[in-house]
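Inspection log for the structure reproduced underneath, given as structure tokens.
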Amino acid sequence: MNWRVYILAVTTFAVGLVELIVGGILPNIAEDLDVSLATAGQLITIFALVYAISAPVLLSLTAKVERKRLFLISLFIFTLGNLMTFFSTTFIIVLIARIFTAMSTALVIVLSLTITTKIVEPRHRAKALGLVFMGVSSALVIGVPMGIFITEAFGWRAVFLGISILSTISMILIALLLEKMPIGEVVPLKAQIKSLANLKILTAQLTTLFMLAGHYMLYAYLTPFLVEAFDMNASWISICYLIFGIASVSGNAVGGWVSDKIGTSKAIILIVSAFAIVLFSIPYTIIALPLFLVFTVLWGALSWALTPPLQNYLIQADPQSSDIQQSLNTAALQIGISIGSAVGGAMFAWTGSVMHLASFGTILVLCALGCAIFSIKRAPLGQEQHVDYQSAHHHS
């Protein structure tokens, strides 16, 4: 396999850190910038929302730019955004910096995936893409506990200085070691949106959106939840995030395995249903920490177990637009995160407690279940839809 894939994996790790690391250190940011916890939580919301919109839009706008050059520009803006956060004096400056880092993160991750498919032989492609995704998922696992640890030692701003150093190293490696990339065909936005006209596809994408929205109602405010429920200190909070993260990454594998065993449709229904039950139970498990930790493992594993069967389901539902569906699924995931963290923040501000967030999150997960059942019951796409999609592609 092409060794340059490892550089791309390191790069996705560096940019992957920036989105969720904020979750673990929300109280520190809120206190330092003199805003409420619910307001600080909007740093997750704005990031996810900008990311979701940027990925398809920026790829279409930059279709004519040579890929390596675009990659380096994106990384440069990403580094500047993190330095801006490091030097920030007000919440507004941090919010603006989050917009810059979200736009550049979206491009860097999508470009890492497209460049990977170009530089490896087809027989190594799945393994190579898995490696790049591992960069993102390990950022989830290591990122939050590492962020809490660095914040305790050096203050929360040091976290963003560290990320800018990592991305600078990635930039140098890519400038020196990656060859220039020819511009591939980019599917026009109009064709991407048109593919959602089919209700089977649309409700499958909404399954991801509602599932993540329900999940993030509580996950975005996990630090205040742990403090309120167990009066935890920073090192215990780090341990909980680490347990959750390891469970999440293994959940990806579990989801793929279940999907192979019982089929994608059954796997989707099973995972979403189980997730709703676990999420609803979380506030009732705080009577004993070991019980809560067992449920945290289940919660973490199920939260990411949906991705493999759902991606597979989208490819089976419409093989012709599968690449578009993958990028739209990433957008749905990010919009779900932004809705969940925004609604969670509003609920938190309204009730003054994080204990009710799981119950409200469960309602959103049940919406995901409804969408999944509706999508699976719809007839498969007919031939005419494929033709229709093709013509939309050629005319744009």
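For the structure tokens, the naming scheme is as follows: chains receive sequential letters (A, B, ...) according to their order of presentation, residues are indexed from 1 within each chain, and ligands are indexed from 1 in presentation order.
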
Query - Exercise: stretch 216-231 of chain A partners within 9 Å, only C-alpha atoms, chain neighbours under 5 positions left out, as number ranges by chain - result: A: 20, 22-27, 37-38, 41, 44, 211, 237, 240-241, 279, 283, 286-287, 289, 336-345, 347-348, 353-358, 360-361

**Report entry** Nearby residues (only C-alpha atoms) at most 6 Å from stretch 161-176 of chain A, same-chain spacing under 2 positions excluded, as a VMD selection string
**Finding:** chain A and resid 11 14 79 82 86 158 to 159 178

Requested in this report: Considering only C-alpha atoms, state which residue in the set A:Ile148, A:Leu113, A:Val57, A:Ala368 is at the smallest distance from A:Ala128.
Outcome: A:Leu113

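One finds atom CA of A:Phe91 at 10.7 Å from atom CA of A:Glu31.
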
Requested in this report: Mind the document's chain letters and residue numbers, and return as a ChimeraX atom specification the residues of stretch 104-351 of chain A that DSSP labels alpha helix (DSSP H).
Outcome: /A:104-119,125-154,157-177,189-194,199-219,222-230,234-262,264-281,289-305,307-317,322-351

Query raised in the report: Looking at only C-alpha atoms, which of A:Val120, A:Leu212, A:Ile376, A:Ile282 is the one that sits closest to A:Trp304?
Result: A:Leu212

Requested in this report: Name all residues at most 7 Å from A:Ser248 (count only C-alpha atoms; drop same-chain ones fewer than 2 positions away) and give them as a count of residues only.
Outcome: 10

Report task. Just the residues within 8 Å of stretch 98-112 of chain A, please, counting only C-alpha atoms, with nothing from its chain fewer than 4 positions along; format it as a PyMOL selection string. Result -> chain A and resi 8-9+12+15-16+18-19+43+46-48+50-52+54-55+58-59+67+71+74-75+77-79+81-82+85+94+116+132

Query raised in the report: Nearest to A:Lys118: which of A:Ala317, A:Leu242, A:Val5, A:Val297 is it, counting only C-alpha atoms?
Result: A:Val5

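With distances restricted to only C-alpha atoms, A:Leu202 is the closest residue to A:Asp318 from A:Leu291, A:Leu202, A:Ala153, A:Ile268.
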
Query raised in the report: Of the candidates A:Arg378, A:Arg157, A:Lys266, A:Arg125, which shows the shortest atom-to-atom distance to A:Asn198, using only C-alpha atoms?
Result: A:Arg378
